[in-house]
$ cat entry_16.txt   # compact mmCIF, C-alpha atoms and all ligand atoms
# COMPACT_ATOMS: atom_id res chain seq x y z
CA MET P 1 -10.81 -8.46 -32.23
CA THR P 2 -11.30 -5.05 -30.65
CA PHE P 3 -13.74 -4.70 -27.78
CA LEU P 4 -13.00 -1.18 -26.56
CA ARG P 5 -12.11 1.47 -29.11
CA TRP P 6 -12.48 4.70 -27.22
CA VAL P 7 -13.23 5.95 -23.74
CA GLU P 8 -15.45 9.02 -23.86
CA PHE P 9 -15.77 11.46 -20.98
CA ASP P 10 -18.85 13.52 -20.20
CA ALA P 11 -18.23 17.25 -20.51
CA ASP P 12 -20.43 17.66 -17.42
CA LEU P 13 -18.10 15.57 -15.25
CA PRO P 14 -18.19 17.02 -11.71
CA THR P 15 -15.28 19.26 -10.78
CA ASP P 16 -15.16 18.80 -7.00
CA GLY P 17 -13.46 16.13 -4.95
CA TYR P 18 -11.46 13.01 -5.80
CA PRO P 19 -11.15 11.88 -8.57
CA PHE P 20 -12.55 14.85 -10.47
CA THR P 21 -9.85 17.24 -9.27
CA LEU P 22 -7.02 15.05 -10.60
CA PRO P 23 -5.10 16.75 -13.46
CA VAL P 24 -5.55 13.68 -15.67
CA VAL P 25 -9.34 13.77 -15.24
CA ALA P 26 -9.39 17.49 -16.07
CA ALA P 27 -7.31 16.78 -19.19
CA LEU P 28 -9.63 13.95 -20.25
CA ARG P 29 -12.68 16.13 -19.69
CA ALA P 30 -11.12 18.72 -22.02
CA ALA P 31 -10.02 16.15 -24.61
CA GLY P 32 -13.36 14.31 -24.47
CA ARG P 33 -11.92 10.93 -25.30
CA LEU P 34 -9.04 8.50 -25.04
CA ARG P 35 -8.08 6.05 -27.78
CA LEU P 36 -7.36 2.46 -26.83
CA ASP P 37 -5.36 0.05 -28.95
CA PRO P 38 -7.30 -2.92 -30.36
CA ARG P 39 -4.70 -5.23 -28.80
CA VAL P 40 -2.63 -3.84 -25.94
CA THR P 41 -2.68 -0.40 -24.30
CA PHE P 42 -0.27 0.45 -21.48
CA LEU P 43 -0.75 3.33 -19.05
CA THR P 44 2.53 4.53 -17.58
CA GLY P 45 3.41 7.52 -15.43
CA ASP P 46 4.78 8.46 -12.06
CA ASN P 47 3.17 7.43 -8.77
CA GLY P 48 -0.04 9.32 -8.18
CA THR P 49 -0.66 10.42 -11.78
CA GLY P 50 -4.01 8.60 -11.85
CA LYS P 51 -3.36 5.31 -13.66
CA SER P 52 -5.24 3.15 -11.14
CA THR P 53 -8.09 5.65 -10.95
CA LEU P 54 -8.46 5.60 -14.73
CA ILE P 55 -8.04 1.86 -15.15
CA GLU P 56 -10.56 1.10 -12.40
CA ALA P 57 -13.06 3.48 -14.04
CA ILE P 58 -12.59 1.71 -17.39
CA ALA P 59 -13.04 -1.68 -15.65
CA VAL P 60 -16.20 -0.54 -13.86
CA ALA P 61 -17.64 0.92 -17.08
CA ALA P 62 -16.87 -2.42 -18.78
CA GLY P 63 -18.96 -4.20 -16.14
CA PHE P 64 -16.25 -5.61 -13.88
CA ASN P 65 -16.46 -5.75 -10.10
CA PRO P 66 -14.52 -2.68 -8.84
CA GLU P 67 -12.37 -4.87 -6.58
CA GLY P 68 -11.45 -7.24 -9.37
CA GLY P 69 -12.33 -10.61 -10.82
CA SER P 70 -14.33 -11.68 -13.83
CA VAL P 71 -17.58 -9.98 -14.79
CA ASN P 72 -19.35 -12.58 -12.61
CA PHE P 73 -17.58 -11.53 -9.40
CA ARG P 74 -19.67 -9.36 -7.14
CA PHE P 75 -17.84 -9.47 -3.83
CA ALA P 76 -17.02 -6.27 -1.98
CA THR P 77 -14.73 -6.07 1.04
CA ARG P 78 -14.73 -2.29 1.05
CA SER P 79 -16.13 0.45 -1.09
CA THR P 80 -13.37 2.82 -2.07
CA GLU P 81 -13.83 2.87 -5.79
CA SER P 82 -14.11 6.29 -7.33
CA PRO P 83 -17.33 7.27 -9.10
CA LEU P 84 -15.46 8.12 -12.31
CA GLY P 85 -16.67 4.93 -14.02
CA ARG P 86 -20.22 6.29 -14.02
CA TYR P 87 -19.17 9.30 -16.08
CA LEU P 88 -17.42 7.58 -18.92
CA ARG P 89 -18.73 5.76 -21.92
CA LEU P 90 -16.93 2.95 -23.63
CA VAL P 91 -17.18 3.01 -27.41
CA ARG P 92 -17.18 -0.67 -28.30
CA SER P 93 -16.82 -2.65 -31.46
CA PRO P 94 -19.64 -5.03 -32.37
CA GLY P 95 -19.33 -8.31 -30.48
CA LYS P 96 -18.87 -9.01 -26.80
CA PRO P 97 -15.81 -10.36 -25.03
CA GLN P 98 -16.32 -14.05 -24.25
CA THR P 99 -14.37 -13.74 -21.04
CA GLY P 100 -12.26 -11.25 -19.14
CA TYR P 101 -10.67 -10.17 -15.91
CA PHE P 102 -9.95 -7.03 -13.96
CA LEU P 103 -7.03 -7.41 -11.58
CA ARG P 104 -5.74 -4.82 -9.15
CA ALA P 105 -2.43 -5.43 -7.44
CA GLU P 106 -3.95 -4.53 -4.05
CA SER P 107 -6.90 -6.89 -4.11
CA PHE P 108 -5.54 -10.04 -5.72
CA TYR P 109 -5.83 -11.75 -2.31
CA ASN P 110 -9.57 -11.05 -2.24
CA VAL P 111 -9.98 -12.34 -5.79
CA ALA P 112 -8.22 -15.58 -4.75
CA SER P 113 -10.59 -15.88 -1.76
CA GLU P 114 -13.60 -15.39 -4.01
CA ILE P 115 -12.31 -18.06 -6.42
CA ASP P 116 -12.07 -20.48 -3.45
CA ARG P 117 -15.53 -19.50 -2.22
CA LEU P 118 -17.07 -20.07 -5.63
CA GLY P 119 -15.34 -23.46 -5.73
CA VAL P 120 -13.96 -22.80 -9.20
CA GLY P 121 -10.32 -23.50 -8.30
CA ARG P 122 -9.98 -26.31 -10.83
CA GLY P 123 -10.15 -23.76 -13.63
CA TYR P 124 -7.04 -22.14 -12.18
CA GLY P 125 -4.61 -25.04 -12.32
CA GLY P 126 -6.31 -27.26 -9.74
CA ARG P 127 -5.01 -25.67 -6.54
CA SER P 128 -6.29 -22.89 -4.34
CA LEU P 129 -4.49 -19.70 -5.34
CA HIS P 130 -3.86 -19.19 -1.62
CA GLU P 131 -1.58 -22.24 -1.70
CA ARG P 132 0.55 -20.68 -4.42
CA SER P 133 2.96 -17.77 -4.17
CA HIS P 134 1.75 -14.36 -5.35
CA GLY P 135 3.53 -14.69 -8.71
CA GLU P 136 2.64 -18.38 -9.16
CA SER P 137 -1.02 -17.67 -8.54
CA PHE P 138 -1.02 -14.73 -10.95
CA LEU P 139 0.57 -16.85 -13.69
CA ASP P 140 -1.87 -19.72 -12.92
CA LEU P 141 -4.69 -17.30 -13.51
CA ALA P 142 -3.18 -15.94 -16.75
CA THR P 143 -2.41 -19.45 -18.00
CA HIS P 144 -5.55 -21.33 -17.00
CA ARG P 145 -8.29 -18.75 -16.70
CA PHE P 146 -7.42 -16.05 -19.24
CA GLY P 147 -8.66 -17.20 -22.63
CA PRO P 148 -9.27 -16.20 -26.24
CA HIS P 149 -11.59 -13.30 -27.13
CA GLY P 150 -11.24 -11.84 -23.66
CA LEU P 151 -10.94 -8.32 -22.27
CA TYR P 152 -8.25 -8.00 -19.58
CA VAL P 153 -7.78 -4.89 -17.46
CA LEU P 154 -4.69 -5.22 -15.26
CA ASP P 155 -3.21 -2.84 -12.69
CA GLU P 156 0.53 -3.40 -12.17
CA PRO P 157 0.58 -7.14 -12.88
CA GLU P 158 4.35 -6.99 -12.41
CA ALA P 159 3.79 -6.47 -8.67
CA ALA P 160 3.61 -10.27 -8.41
CA LEU P 161 6.25 -11.15 -10.95
CA SER P 162 9.98 -11.75 -11.26
CA VAL P 163 11.65 -10.72 -14.50
CA PRO P 164 11.22 -14.28 -15.92
CA GLY P 165 7.61 -14.06 -14.68
CA CYS P 166 7.16 -10.82 -16.65
CA LEU P 167 8.59 -12.51 -19.74
CA ALA P 168 6.15 -15.41 -19.26
CA LEU P 169 3.32 -12.90 -19.04
CA ILE P 170 4.50 -11.18 -22.25
CA ALA P 171 4.37 -14.56 -24.02
CA ARG P 172 0.87 -15.21 -22.65
CA ILE P 173 -0.34 -11.75 -23.69
CA HIS P 174 1.12 -12.29 -27.16
CA ASP P 175 -0.75 -15.62 -27.54
CA LEU P 176 -4.01 -14.22 -26.20
CA VAL P 177 -3.84 -11.18 -28.47
CA ALA P 178 -3.30 -13.51 -31.43
CA ALA P 179 -6.45 -15.31 -30.23
CA GLY P 180 -8.52 -12.11 -30.27
CA SER P 181 -8.06 -10.73 -26.75
CA GLN P 182 -7.57 -7.09 -25.73
CA PHE P 183 -5.53 -5.78 -22.79
CA VAL P 184 -5.45 -2.46 -20.92
CA ILE P 185 -2.58 -2.47 -18.42
CA ALA P 186 -1.18 0.07 -15.95
CA THR P 187 2.49 -0.66 -15.38
CA HIS P 188 5.85 0.59 -14.15
CA SER P 189 7.66 -2.40 -15.65
CA PRO P 190 10.16 -1.66 -18.44
CA VAL P 191 10.10 -5.38 -19.26
CA LEU P 192 6.35 -5.66 -19.67
CA LEU P 193 6.27 -2.56 -21.89
CA ALA P 194 8.16 -4.58 -24.52
CA VAL P 195 4.97 -6.33 -25.66
CA PRO P 196 5.28 -5.96 -29.47
CA GLY P 197 3.08 -3.34 -31.08
CA ALA P 198 1.53 -2.06 -27.85
CA LEU P 199 0.23 1.49 -27.52
CA ILE P 200 2.10 3.14 -24.62
CA LEU P 201 0.34 6.11 -23.03
CA ARG P 202 2.24 8.33 -20.64
CA LEU P 203 0.32 10.19 -17.93
CA SER P 204 2.28 13.23 -16.77
CA ASP P 205 1.99 15.02 -13.43
CA ASP P 206 0.11 17.88 -15.09
CA GLY P 207 -2.44 15.48 -16.54
CA VAL P 208 -1.24 15.42 -20.14
CA ILE P 209 -1.60 12.01 -21.79
CA SER P 210 0.80 11.36 -24.65
CA GLU P 211 1.67 8.38 -26.83
CA VAL P 212 5.31 7.39 -26.44
CA ASP P 213 7.61 4.85 -28.08
CA PHE P 214 9.07 2.00 -26.03
CA ASP P 215 12.52 3.63 -25.91
CA ASP P 216 11.08 6.94 -24.70
CA ALA P 217 8.79 5.45 -22.03
CA GLU P 218 10.11 6.58 -18.65
CA PRO P 219 10.36 3.13 -17.02
CA VAL P 220 12.51 2.04 -19.98
CA ALA P 221 14.65 5.18 -20.41
CA LEU P 222 15.22 5.72 -16.70
CA THR P 223 15.94 2.07 -15.87
CA ARG P 224 18.32 1.84 -18.82
CA SER P 225 20.15 4.96 -17.73
CA PHE P 226 20.24 3.82 -14.08
CA LEU P 227 21.59 0.38 -14.93
CA ALA P 228 24.24 1.86 -17.22
CA ASP P 229 25.76 3.66 -14.22
CA PRO P 230 24.03 3.10 -10.84
CA GLN P 231 26.77 4.95 -8.95
CA ARG P 232 26.06 8.16 -10.84
CA PHE P 233 22.43 8.09 -9.60
CA LEU P 234 23.37 7.06 -6.07
CA ARG P 235 25.86 9.91 -5.73
CA HIS P 236 22.98 12.32 -6.37
CA LEU P 237 20.76 10.57 -3.84
CA PHE P 238 23.10 10.47 -0.86
N1 LIG P 301 -9.93 7.16 -2.50
C1 LIG P 301 -9.19 8.24 -2.72
N2 LIG P 301 -9.51 9.43 -2.16
C2 LIG P 301 -8.79 10.53 -2.40
N3 LIG P 301 -7.68 10.57 -3.19
C3 LIG P 301 -7.30 9.42 -3.75
C4 LIG P 301 -8.02 8.20 -3.56
N4 LIG P 301 -7.41 7.23 -4.26
C5 LIG P 301 -6.35 7.82 -4.86
N5 LIG P 301 -6.29 9.13 -4.55
C6 LIG P 301 -5.30 10.11 -5.05
O1 LIG P 301 -5.45 10.23 -6.45
C7 LIG P 301 -4.19 10.33 -7.10
C8 LIG P 301 -4.09 9.26 -8.17
O2 LIG P 301 -4.07 7.98 -7.54
P1 LIG P 301 -3.89 6.66 -8.37
O3 LIG P 301 -3.96 5.54 -7.41
O4 LIG P 301 -4.83 6.66 -9.51
O5 LIG P 301 -2.39 6.85 -8.93
P2 LIG P 301 -1.47 5.85 -9.76
O6 LIG P 301 -1.06 6.59 -11.00
O7 LIG P 301 -2.15 4.55 -9.92
O8 LIG P 301 -0.20 5.72 -8.81
P3 LIG P 301 0.76 4.44 -8.51
O9 LIG P 301 1.76 4.42 -9.64
O10 LIG P 301 1.41 4.81 -7.23
O11 LIG P 301 -0.08 3.22 -8.41
C9 LIG P 301 -3.13 10.21 -6.01
O12 LIG P 301 -2.66 11.50 -5.69
C10 LIG P 301 -3.88 9.61 -4.84
O13 LIG P 301 -3.36 10.04 -3.63
MG MG P 302 -1.75 2.67 -9.18
$ encode --input "entry_16.txt" --output "structure tokens"
Amino acid sequence: MTFLRWVEFDADLPTDGYPFTLPVVAALRAAGRLRLDPRVTFLTGDNGTGKSTLIEAIAVAAGFNPEGGSVNFRFATRSTESPLGRYLRLVRSPGKPQTGYFLRAESFYNVASEIDRLGVGRGYGGRSLHERSHGESFLDLATHRFGPHGLYVLDEPEAALSVPGCLALIARIHDLVAAGSQFVIATHSPVLLAVPGALILRLSDDGVISEVDFDDAEPVALTRSFLADPQRFLRHLF
């Protein structure tokens, strides 16, 4: 089931200040809209190209707490979210997600605290996420709290995960997609990008967003080339 089909950007988006001056925001203003895959969309691109800015805006427009959590989370430890979410419209399919989560790598700790505060830990494998390692708690959440017909917006989930952890997440995503869930994920992980059939969007430094194949995605191509001959890269670095 598709929940989000397109993200549409107002032509009258402001032009001053962060995030409106980012090349990717200018490109989206010009393009007017961004297509999302009914199942899994990845945002890739170098550091600072605007993936987190865009993914947070999509999450906010979808009704999530800007710092993360389910749509019921309303905690705020700081207010640094960009106002971009107010200027985009999500074109949705009929039907509402039955569940969902927005997770940012930086604020997972605060999400775990909120889960403890709400006393809903049992839904997450029975233990406080603070008593689990970063990766264990992330996988607890994906295993016990992510469910069918959900919308999941994730920023660098691999930050918590080992390579086997990434493979476990791929399996979970695969099952949840088969059960009608949709994912939008910012990632640098060449492993995670292997989710079958995913739409991979590349954000470039000049703001251009293009659809790329798995083999052409930079995390995949560059990691592959590095691992084939690390010394060749290191000679250029030192
Ligand atoms: N609150 C803010 N105020 C001003 N500039 C910001 C703010 N947050 C991010 N930026 C800038 O906006 C640009 C895009 O940041 P963003 O976090 O979206 O990048 P990213 O693609 O997610 O990068 P990374 O791969 O490192 O996570 C960066 O140049 C960053 O310095
Ligand atoms: Mg980021």
$ residues_around --input "entry_16.txt" --residues "Ala61 of chain P" --least-positions-apart "5" --cutoff "7 Å" --atoms "all atoms listed in the file" --output "list in words"
Gly85, Arg86, Leu88, Arg89 and Leu90 of chain P
$ residues_near_ligand --input "entry_16.txt" --ligand "ligand LIG 301 (chain P)" --cutoff "8 Å" --atoms "only C-alpha atoms and all ligand atoms" --output "ChimeraX atom specification"
/P:17-19,22,44-54,80-82,155-156,186-188,203
$ write_last_selection --input "entry_16.txt" --atoms "C-alpha atoms" --output "PDB file, keeping the file's coordinate frame"
ATOM      1  CA  GLY P  17     -13.460  16.130  -4.950  1.00  0.00           C
ATOM      2  CA  TYR P  18     -11.460  13.010  -5.800  1.00  0.00           C
ATOM      3  CA  PRO P  19     -11.150  11.880  -8.570  1.00  0.00           C
ATOM      4  CA  LEU P  22      -7.020  15.050 -10.600  1.00  0.00           C
ATOM      5  CA  THR P  44       2.530   4.530 -17.580  1.00  0.00           C
ATOM      6  CA  GLY P  45       3.410   7.520 -15.430  1.00  0.00           C
ATOM      7  CA  ASP P  46       4.780   8.460 -12.060  1.00  0.00           C
ATOM      8  CA  ASN P  47       3.170   7.430  -8.770  1.00  0.00           C
ATOM      9  CA  GLY P  48      -0.040   9.320  -8.180  1.00  0.00           C
ATOM     10  CA  THR P  49      -0.660  10.420 -11.780  1.00  0.00           C
ATOM     11  CA  GLY P  50      -4.010   8.600 -11.850  1.00  0.00           C
ATOM     12  CA  LYS P  51      -3.360   5.310 -13.660  1.00  0.00           C
ATOM     13  CA  SER P  52      -5.240   3.150 -11.140  1.00  0.00           C
ATOM     14  CA  THR P  53      -8.090   5.650 -10.950  1.00  0.00           C
ATOM     15  CA  LEU P  54      -8.460   5.600 -14.730  1.00  0.00           C
ATOM     16  CA  THR P  80     -13.370   2.820  -2.070  1.00  0.00           C
ATOM     17  CA  GLU P  81     -13.830   2.870  -5.790  1.00  0.00           C
ATOM     18  CA  SER P  82     -14.110   6.290  -7.330  1.00  0.00           C
ATOM     19  CA  ASP P 155      -3.210  -2.840 -12.690  1.00  0.00           C
ATOM     20  CA  GLU P 156       0.530  -3.400 -12.170  1.00  0.00           C
ATOM     21  CA  ALA P 186      -1.180   0.070 -15.950  1.00  0.00           C
ATOM     22  CA  THR P 187       2.490  -0.660 -15.380  1.00  0.00           C
ATOM     23  CA  HIS P 188       5.850   0.590 -14.150  1.00  0.00           C
ATOM     24  CA  LEU P 203       0.320  10.190 -17.930  1.00  0.00           C
TER      25      LEU P 203
END
$ closest_residue --input "entry_16.txt" --among "P:Pro38, P:Gly207, P:Gly32, P:Pro164" --to "Ser93 of chain P" --atoms "all atoms listed in the file"
P:Pro38
$ closest_residue --input "entry_16.txt" --among "P:Leu34, P:Val153, P:Asp16, P:Ala62" --to "Ser181 of chain P" --atoms "only C-alpha atoms"
P:Val153
$ closest_residue --input "entry_16.txt" --among "P:Asp175, P:Asp37, P:Glu131, P:Glu106" --to "ligand MG 302 (chain P)" --atoms "all atoms listed in the file"
P:Glu106
$ atom_distance --input "entry_16.txt" --atom1 "atom CA of Phe108 of chain P" --atom2 "atom CA of Gly165 of chain P"
16.4 Å
$ atom_distance --input "entry_16.txt" --atom1 "atom CA of Leu193 of chain P" --atom2 "atom CA of Val220 of chain P"
8.0 Å
$ closest_residue --input "entry_16.txt" --among "P:Pro66, P:Ile185, P:Ala112, P:Leu36" --to "ligand MG 302 (chain P)" --atoms "all atoms listed in the file"
P:Ile185
$ build_atoms --input "entry_16.txt" --residues "segment 132-143 of chain P" --atoms "all heavy atoms" --output "mmCIF file, keeping the file's coordinate frame"
data_model
loop_
_atom_site.group_PDB
_atom_site.id
_atom_site.type_symbol
_atom_site.label_atom_id
_atom_site.label_comp_id
_atom_site.auth_asym_id
_atom_site.auth_seq_id
_atom_site.Cartn_x
_atom_site.Cartn_y
_atom_site.Cartn_z
ATOM 1 N N ARG P 132 -0.503 -21.009 -3.454
ATOM 2 C CA ARG P 132 0.550 -20.680 -4.420
ATOM 3 C C ARG P 132 1.145 -19.341 -4.017
ATOM 4 O O ARG P 132 0.515 -18.552 -3.322
ATOM 5 C CB ARG P 132 -0.062 -20.564 -5.823
ATOM 6 C CG ARG P 132 -0.850 -21.780 -6.260
ATOM 7 C CD ARG P 132 0.032 -22.887 -6.743
ATOM 8 N NE ARG P 132 0.377 -22.701 -8.139
ATOM 9 C CZ ARG P 132 1.466 -23.245 -8.696
ATOM 10 N NH1 ARG P 132 2.289 -23.950 -7.955
ATOM 11 N NH2 ARG P 132 1.727 -23.062 -9.970
ATOM 12 N N SER P 133 2.363 -19.077 -4.460
ATOM 13 C CA SER P 133 2.960 -17.770 -4.170
ATOM 14 C C SER P 133 2.191 -16.719 -4.980
ATOM 15 O O SER P 133 1.445 -17.047 -5.907
ATOM 16 C CB SER P 133 4.429 -17.754 -4.550
ATOM 17 O OG SER P 133 4.575 -17.600 -5.954
ATOM 18 N N HIS P 134 2.423 -15.460 -4.652
ATOM 19 C CA HIS P 134 1.750 -14.360 -5.350
ATOM 20 C C HIS P 134 1.960 -14.462 -6.866
ATOM 21 O O HIS P 134 1.005 -14.442 -7.637
ATOM 22 C CB HIS P 134 2.327 -13.039 -4.798
ATOM 23 C CG HIS P 134 1.609 -11.809 -5.247
ATOM 24 N ND1 HIS P 134 2.141 -10.550 -5.129
ATOM 25 C CD2 HIS P 134 0.408 -11.648 -5.839
ATOM 26 C CE1 HIS P 134 1.287 -9.674 -5.624
ATOM 27 N NE2 HIS P 134 0.230 -10.307 -6.060
ATOM 28 N N GLY P 135 3.224 -14.622 -7.278
ATOM 29 C CA GLY P 135 3.530 -14.690 -8.710
ATOM 30 C C GLY P 135 3.011 -15.966 -9.347
ATOM 31 O O GLY P 135 2.477 -15.954 -10.460
ATOM 32 N N GLU P 136 3.150 -17.110 -8.631
ATOM 33 C CA GLU P 136 2.640 -18.380 -9.160
ATOM 34 C C GLU P 136 1.138 -18.285 -9.387
ATOM 35 O O GLU P 136 0.618 -18.743 -10.410
ATOM 36 C CB GLU P 136 2.910 -19.517 -8.176
ATOM 37 C CG GLU P 136 4.354 -19.976 -8.109
ATOM 38 C CD GLU P 136 4.574 -20.974 -6.979
ATOM 39 O OE1 GLU P 136 3.789 -20.976 -5.988
ATOM 40 O OE2 GLU P 136 5.525 -21.747 -7.063
ATOM 41 N N SER P 137 0.430 -17.712 -8.409
ATOM 42 C CA SER P 137 -1.020 -17.670 -8.540
ATOM 43 C C SER P 137 -1.433 -16.734 -9.675
ATOM 44 O O SER P 137 -2.369 -17.026 -10.416
ATOM 45 C CB SER P 137 -1.696 -17.290 -7.225
ATOM 46 O OG SER P 137 -1.196 -16.085 -6.729
ATOM 47 N N PHE P 138 -0.693 -15.632 -9.847
ATOM 48 C CA PHE P 138 -1.020 -14.730 -10.950
ATOM 49 C C PHE P 138 -0.826 -15.450 -12.294
ATOM 50 O O PHE P 138 -1.683 -15.384 -13.187
ATOM 51 C CB PHE P 138 -0.175 -13.455 -10.898
ATOM 52 C CG PHE P 138 -0.550 -12.504 -11.982
ATOM 53 C CD1 PHE P 138 -1.589 -11.599 -11.802
ATOM 54 C CD2 PHE P 138 0.052 -12.568 -13.232
ATOM 55 C CE1 PHE P 138 -1.993 -10.766 -12.834
ATOM 56 C CE2 PHE P 138 -0.342 -11.740 -14.263
ATOM 57 C CZ PHE P 138 -1.362 -10.835 -14.057
ATOM 58 N N LEU P 139 0.306 -16.158 -12.425
ATOM 59 C CA LEU P 139 0.570 -16.850 -13.690
ATOM 60 C C LEU P 139 -0.393 -18.022 -13.910
ATOM 61 O O LEU P 139 -0.771 -18.317 -15.040
ATOM 62 C CB LEU P 139 2.037 -17.308 -13.768
ATOM 63 C CG LEU P 139 3.044 -16.155 -13.963
ATOM 64 C CD1 LEU P 139 4.473 -16.668 -13.879
ATOM 65 C CD2 LEU P 139 2.830 -15.421 -15.290
ATOM 66 N N ASP P 140 -0.825 -18.687 -12.801
ATOM 67 C CA ASP P 140 -1.870 -19.720 -12.920
ATOM 68 C C ASP P 140 -3.126 -19.125 -13.549
ATOM 69 O O ASP P 140 -3.733 -19.710 -14.451
ATOM 70 C CB ASP P 140 -2.287 -20.233 -11.523
ATOM 71 C CG ASP P 140 -1.357 -21.317 -11.002
ATOM 72 O OD1 ASP P 140 -0.512 -21.798 -11.777
ATOM 73 O OD2 ASP P 140 -1.491 -21.668 -9.812
ATOM 74 N N LEU P 141 -3.482 -17.963 -13.026
ATOM 75 C CA LEU P 141 -4.690 -17.300 -13.510
ATOM 76 C C LEU P 141 -4.550 -16.958 -14.999
ATOM 77 O O LEU P 141 -5.437 -17.245 -15.805
ATOM 78 C CB LEU P 141 -4.880 -16.018 -12.687
ATOM 79 C CG LEU P 141 -6.237 -15.377 -12.660
ATOM 80 C CD1 LEU P 141 -7.256 -16.303 -12.037
ATOM 81 C CD2 LEU P 141 -6.171 -14.070 -11.856
ATOM 82 N N ALA P 142 -3.401 -16.353 -15.359
ATOM 83 C CA ALA P 142 -3.180 -15.940 -16.750
ATOM 84 C C ALA P 142 -3.120 -17.155 -17.677
ATOM 85 O O ALA P 142 -3.552 -17.100 -18.822
ATOM 86 C CB ALA P 142 -1.908 -15.105 -16.865
ATOM 87 N N THR P 143 -2.574 -18.260 -17.168
ATOM 88 C CA THR P 143 -2.410 -19.450 -18.000
ATOM 89 C C THR P 143 -3.716 -20.233 -18.146
ATOM 90 O O THR P 143 -4.091 -20.648 -19.239
ATOM 91 C CB THR P 143 -1.345 -20.387 -17.389
ATOM 92 O OG1 THR P 143 -0.154 -19.632 -17.199
ATOM 93 C CG2 THR P 143 -1.056 -21.575 -18.300
#
